[in-house]
Structure formats: structure tokens, C-alpha cells
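For reference, the structure discussed in these notes is given below.
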Amino acid sequence: MSAIETKSLTKSFGNVIAVNDISFSVESGEIFGFLGPNGAGKSTTMMILTTLLKPTSGQALISGFDVMTDAKKVRESIGYVQQETTVDEYLTGRENLILQAKLNHIPKNEINQRIDSVLELIELTDKQHDSVVTYSGGMRKRLDIAGGLLHRPKVLFLDEPTVGLDIQTRRKIWKYLKKIHDEFEMTIFLTTHYMEEADQLCDRVGIIDGGQIQVIDSPKNMKNAMGNEVISIIIEDEENLDSFSSELQKIEFVNKINVDGPKLTLFASNGTEVIPKIFQISSDLKIKIVSIALTQPTLDDVFISYTGHEIRDDDSKFNRKREHAKMKRLRA
Ligand SMILES: Nc1ncnc2c1ncn2[C@@H]1O[C@H](COP(=O)(O)OP(=O)(O)OP(=O)(O)O)[C@@H](O)[C@H]1O
């Protein structure tokens, strides 16, 4: 039985189809990531899977339980860590976890032992009696994750677990998530718009854009399928872009081309043979190349290949939300 299974899942908000007919399954023990830009439909999917939102049509099963008809059983078998931290900053770390344990109806005689073990796992034992207001962003996130583990869920959902954190803190969170996954043999479903996060953490990744899944595979297979090399070109003037692109397509060893404004990305199996031909064609068409680079494929290239555009690291929405929450706290 799959840990997560969706069949033609769809969610509309008025005219906006946030999630458009998506079907996928996640096997037990997998770390599975939904990778997509802001507004792709990641959070909406996760809210349906965690029973917080009803789908417009289609079906979703968690550990075999239907999110619509068996919502209570679904909630018992999942942990959910939201995008913004939900910890109370005027309580200590331990007090937050006690509150969380009570909300999850954990038997009284097990609460202390479970809290001790999750605190140790995320290395917050030393800080447990300090107010959360003194914690860094990364420590708050770790505490939030710990709260989601107390009832020992079979499937852990994490919505953008490292959004707004710096890269070192992000890497530390990845380390803890891998540790949690190994220790509890847990299925993890996460959403992210960070390529490196998907690449480093996930066994398989689903690329989602415009509410639809474009591809699902392991990061390694996705990169291998791109061909051996990626040639990124930026041209000065887009006037002859169409003829330039169609001539480039004819070059031997070029498997695929994506055009995004003045930026062209070529996926090729023999880049060093291709580059002189690119210069020949640009010279014939009187197109000025501003820059050209030959690299190995990354998950960024996979994303461009399937969606036709780059994923943008837009943390501004998150930062605005955080500022808003801060202002509310200051006013209170
Ligand atoms: N409650 C709502 N009412 C109307 N439209 C919504 C609502 N929630 C989401 N949407 C729209 O649905 C689409 C998908 O949004 P969703 O939040 O799922 O995307 P996302 O990939 O999680 O992006 P982000 O990382 O920015 O949260 C967007 O166009 C969004 O504006």
C-alpha cells in the first residue's frame, strides 16, 4: 500500500484552478518533494492531503485512508509542519512541546520521555528551558518539526521547511530531516522552491507548475535524461530569435532547446562539438552573443526543460508574511 496516493485531484478557487487533475503516489519510507515556484499549487495540494482543505474533485488517500471520508484516521497518521512556525515564543521550548503533546492526546505517562527523545534528536536539549523568543529562526523551525513528531506519525508533511532561512541553517535542517527519516523510518512529503533542497533531500521529486505535475522521477534520473551537457546562451537582441533557435535545433547532438527571453538553454550530448557551430550560426544571422557557458545538468536545467522557465527564489512573499506577523505581535 502506498503512503500517499492521489487520483485526478483538483482544487479550484473561483476561476483559479490551483491544483489541476494531479495523480501520483508516494511509497512508504520515501522522501518525496513537490518542487515548484510560488503559486504552483504546492500548499493547496498539501492542505488537501492534511485534511485542511476539501478537493473540488478527485481522491486522496493517506496510508489507505481517504482524506474526505476518513479524515480523523488521516490526522492520526500524519504530522504537519506549516510554512510559518507555529511555536509560542513566550513559552519555553519544552513548554511548547508539552502543549503539543496534550493537543495530540499523547498518554500522560509517555509525554516526558517522548519530549526528551525528540529534543535530543533535533539537538535542542540544552535550550529546552529558554523562552522561544530567544531562539534563532532555525531553532524555531527545529522545534516546530519536533512538535510534529511527538505522536510518531507515519507520514510527515513539511510545507517549505527552510523558506526564509540562510543556506547554512537550511543545510542543518536537511541533516535533521534525514536523521528523523532514518530513525523513525518515516515517509516524508515536502514542498520546496529550492532546487538544492529537492536535490539533496528527496528520493523522488515531482515538478509542479501551474497546478499540474510536469514530471516525477529521482533527481539523478532527471539530470541524466537531460543529456550530458547544458549550453546557456544570452544574446543581445531578440530580433532574429526564432530563426536562431530553429537553426540551433538542427545542430547534430542538440537534443532540446528552451527559449526564455534572450536566454537560450541547449541540452546537448556533445557540447564541445556544438559550441563552434553556435558561433557560426550567430555570425551568419548577425546575432551578438553576450555570454555562453557549458555546464553539467542541474535540477535547475531539468526544471527549465519541463516548464520553459526558471524557478525564481522569491522569498519576498514569505518575508512580507513574517513582517506582518511581527507587526501584529508588536501592536499586541
Ligand atoms: N484561498 C484561496 N483563494 C483563492 N486563490 C487561492 C487560495 N489559495 C491559493 N490560491 C491560488 O491558487 C494558486 C496556487 O496557490 P498555492 O498557495 O497552492 O501555491 P504554492 O505553490 O504553494 O505557492 P507558495 O509557495 O507561494 O505558497 C495560486 O494562484 C494562488 O493564488
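Residues are referred to by chain and number: the chain letter is A, B, ... according to the order shown in the C-alpha cells, the number counts from 1 in that chain, and ligands are numbered separately from 1 in the order shown.
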
> Quick one: residues within 6 Å of ligand 1, with only C-alpha atoms and all ligand atoms, as a PyMOL selection string?
Replying inline: chain A and resi 13+18+37-44

At a cut-off of 10 Å, can you tabulate as a tab-separated table every residue of region 51-74 of chain A near region 141-157 of chain A together with its closest atom pair and the distance in Å to one decimal, using only C-alpha atoms and ordering rows by chain then number?
```
residue	atom	partner	partner_atom	distance
A:Ile62	CA	A:Val155	CA	8.1
A:Ser63	CA	A:Lys154	CA	8.0
A:Val74	CA	A:Val155	CA	9.6
```

> Excluding same-chain residues fewer than 2 positions from Gln212 (chain A), what lies within 8 Å of it counting only C-alpha atoms, as a list in words?
Replying inline: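 So, after excluding close chain neighbours, the residues are Val19, Asn20, Asp21, Ile22, Ala40, Gly41, Ile208, Asp209, Gly210 and Gln214 of chain A.
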
Those residues you just picked out, can you put them in a file as a PDB file, in the first residue's frame with N, CA and C atoms?
```pdb
ATOM      1  N   VAL A  19      -4.988  23.403  -8.300  1.00  0.00           N
ATOM      2  CA  VAL A  19      -4.466  22.045  -8.478  1.00  0.00           C
ATOM      3  C   VAL A  19      -5.297  21.407  -9.580  1.00  0.00           C
ATOM      4  N   ASN A  20      -4.615  20.952 -10.633  1.00  0.00           N
ATOM      5  CA  ASN A  20      -5.334  20.584 -11.849  1.00  0.00           C
ATOM      6  C   ASN A  20      -5.113  19.113 -12.222  1.00  0.00           C
ATOM      7  N   ASP A  21      -5.991  18.251 -11.699  1.00  0.00           N
ATOM      8  CA  ASP A  21      -6.022  16.854 -12.149  1.00  0.00           C
ATOM      9  C   ASP A  21      -4.695  16.127 -11.894  1.00  0.00           C
ATOM     10  N   ILE A  22      -4.230  16.159 -10.641  1.00  0.00           N
ATOM     11  CA  ILE A  22      -2.940  15.510 -10.389  1.00  0.00           C
ATOM     12  C   ILE A  22      -3.105  14.119  -9.772  1.00  0.00           C
ATOM     13  N   ALA A  40       2.421  27.644  -7.591  1.00  0.00           N
ATOM     14  CA  ALA A  40       2.336  26.443  -8.444  1.00  0.00           C
ATOM     15  C   ALA A  40       1.227  25.490  -8.010  1.00  0.00           C
ATOM     16  N   GLY A  41       0.810  25.594  -6.738  1.00  0.00           N
ATOM     17  CA  GLY A  41      -0.230  24.684  -6.242  1.00  0.00           C
ATOM     18  C   GLY A  41       0.271  23.726  -5.175  1.00  0.00           C
ATOM     19  N   ILE A 208       6.084  20.620 -10.181  1.00  0.00           N
ATOM     20  CA  ILE A 208       4.712  21.128 -10.342  1.00  0.00           C
ATOM     21  C   ILE A 208       4.766  22.584 -10.796  1.00  0.00           C
ATOM     22  N   ASP A 209       3.943  22.881 -11.781  1.00  0.00           N
ATOM     23  CA  ASP A 209       3.899  24.246 -12.316  1.00  0.00           C
ATOM     24  C   ASP A 209       2.485  24.472 -12.842  1.00  0.00           C
ATOM     25  N   GLY A 210       1.907  25.614 -12.517  1.00  0.00           N
ATOM     26  CA  GLY A 210       0.560  25.918 -12.991  1.00  0.00           C
ATOM     27  C   GLY A 210      -0.464  24.867 -12.561  1.00  0.00           C
ATOM     28  N   GLN A 214       4.522  18.115 -13.961  1.00  0.00           N
ATOM     29  CA  GLN A 214       5.181  18.028 -15.275  1.00  0.00           C
ATOM     30  C   GLN A 214       5.977  16.734 -15.407  1.00  0.00           C
TER      31      GLN A 214
END
```

>> To test your reading of the structure, identify every residue in region 74-143 of chain A that backbone DSSP assigns to strand (DSSP E or B), and report it as a PyMOL selection string.
In response: chain A and resi 78-81+92+131

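For Asp301 (chain A), the set of protein, DNA and RNA residues having any atom at most 10 Å away, when counting only C-alpha atoms and skipping those fewer than 3 positions along the same chain, is A:Met195, A:Met222, A:Lys223, A:Met226, A:Val230, A:Ser232, A:Asn258, A:Thr265, A:Leu266, A:Phe267, A:Gln296, A:Pro297, A:Thr298, A:Ile304, A:Ser305, A:Tyr306, A:Thr307, A:Gly308, A:His309, A:Glu310, A:Ile311.
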
> Between A:Thr92, A:Thr45, A:Thr56, A:Asn224, which is the closest to Thr191 (chain A) once you count only C-alpha atoms?
Replying inline: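 The answer is A:Thr45, which sits nearest to Thr191 (chain A).
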
>> As an exercise, work out the distance from CA of Ser218 (chain A) to CA of Ile167 (chain A) in Å and give it to one decimal place.
In response: 22.8 Å

Contacts of region 186-259 of chain A with region 272-290 of chain A up to 8 Å, shortest pair per row, only C-alpha atoms, as JSON lines:
```
{"residue": "A:Ile233", "atom": "CA", "partner": "A:Ile289", "partner_atom": "CA", "distance": 7.0}
{"residue": "A:Ile234", "atom": "CA", "partner": "A:Val290", "partner_atom": "CA", "distance": 5.5}
{"residue": "A:Ile235", "atom": "CA", "partner": "A:Ile289", "partner_atom": "CA", "distance": 4.4}
{"residue": "A:Glu236", "atom": "CA", "partner": "A:Lys288", "partner_atom": "CA", "distance": 5.6}
{"residue": "A:Asp237", "atom": "CA", "partner": "A:Ile287", "partner_atom": "CA", "distance": 7.1}
{"residue": "A:Asn240", "atom": "CA", "partner": "A:Ile287", "partner_atom": "CA", "distance": 7.2}
{"residue": "A:Phe244", "atom": "CA", "partner": "A:Ser282", "partner_atom": "CA", "distance": 7.0}
{"residue": "A:Glu247", "atom": "CA", "partner": "A:Ile281", "partner_atom": "CA", "distance": 7.1}
{"residue": "A:Leu248", "atom": "CA", "partner": "A:Ile278", "partner_atom": "CA", "distance": 6.7}
{"residue": "A:Ile251", "atom": "CA", "partner": "A:Val274", "partner_atom": "CA", "distance": 7.0}
{"residue": "A:Glu252", "atom": "CA", "partner": "A:Val274", "partner_atom": "CA", "distance": 7.5}
{"residue": "A:Phe253", "atom": "CA", "partner": "A:Val274", "partner_atom": "CA", "distance": 7.1}
{"residue": "A:Val254", "atom": "CA", "partner": "A:Val274", "partner_atom": "CA", "distance": 7.5}
```

>> Considering only C-alpha atoms, can you say which of A:Ile231, A:Ile4, A:Val67, A:Met47 comes closest to Thr295 (chain A)?
In response: A:Ile231
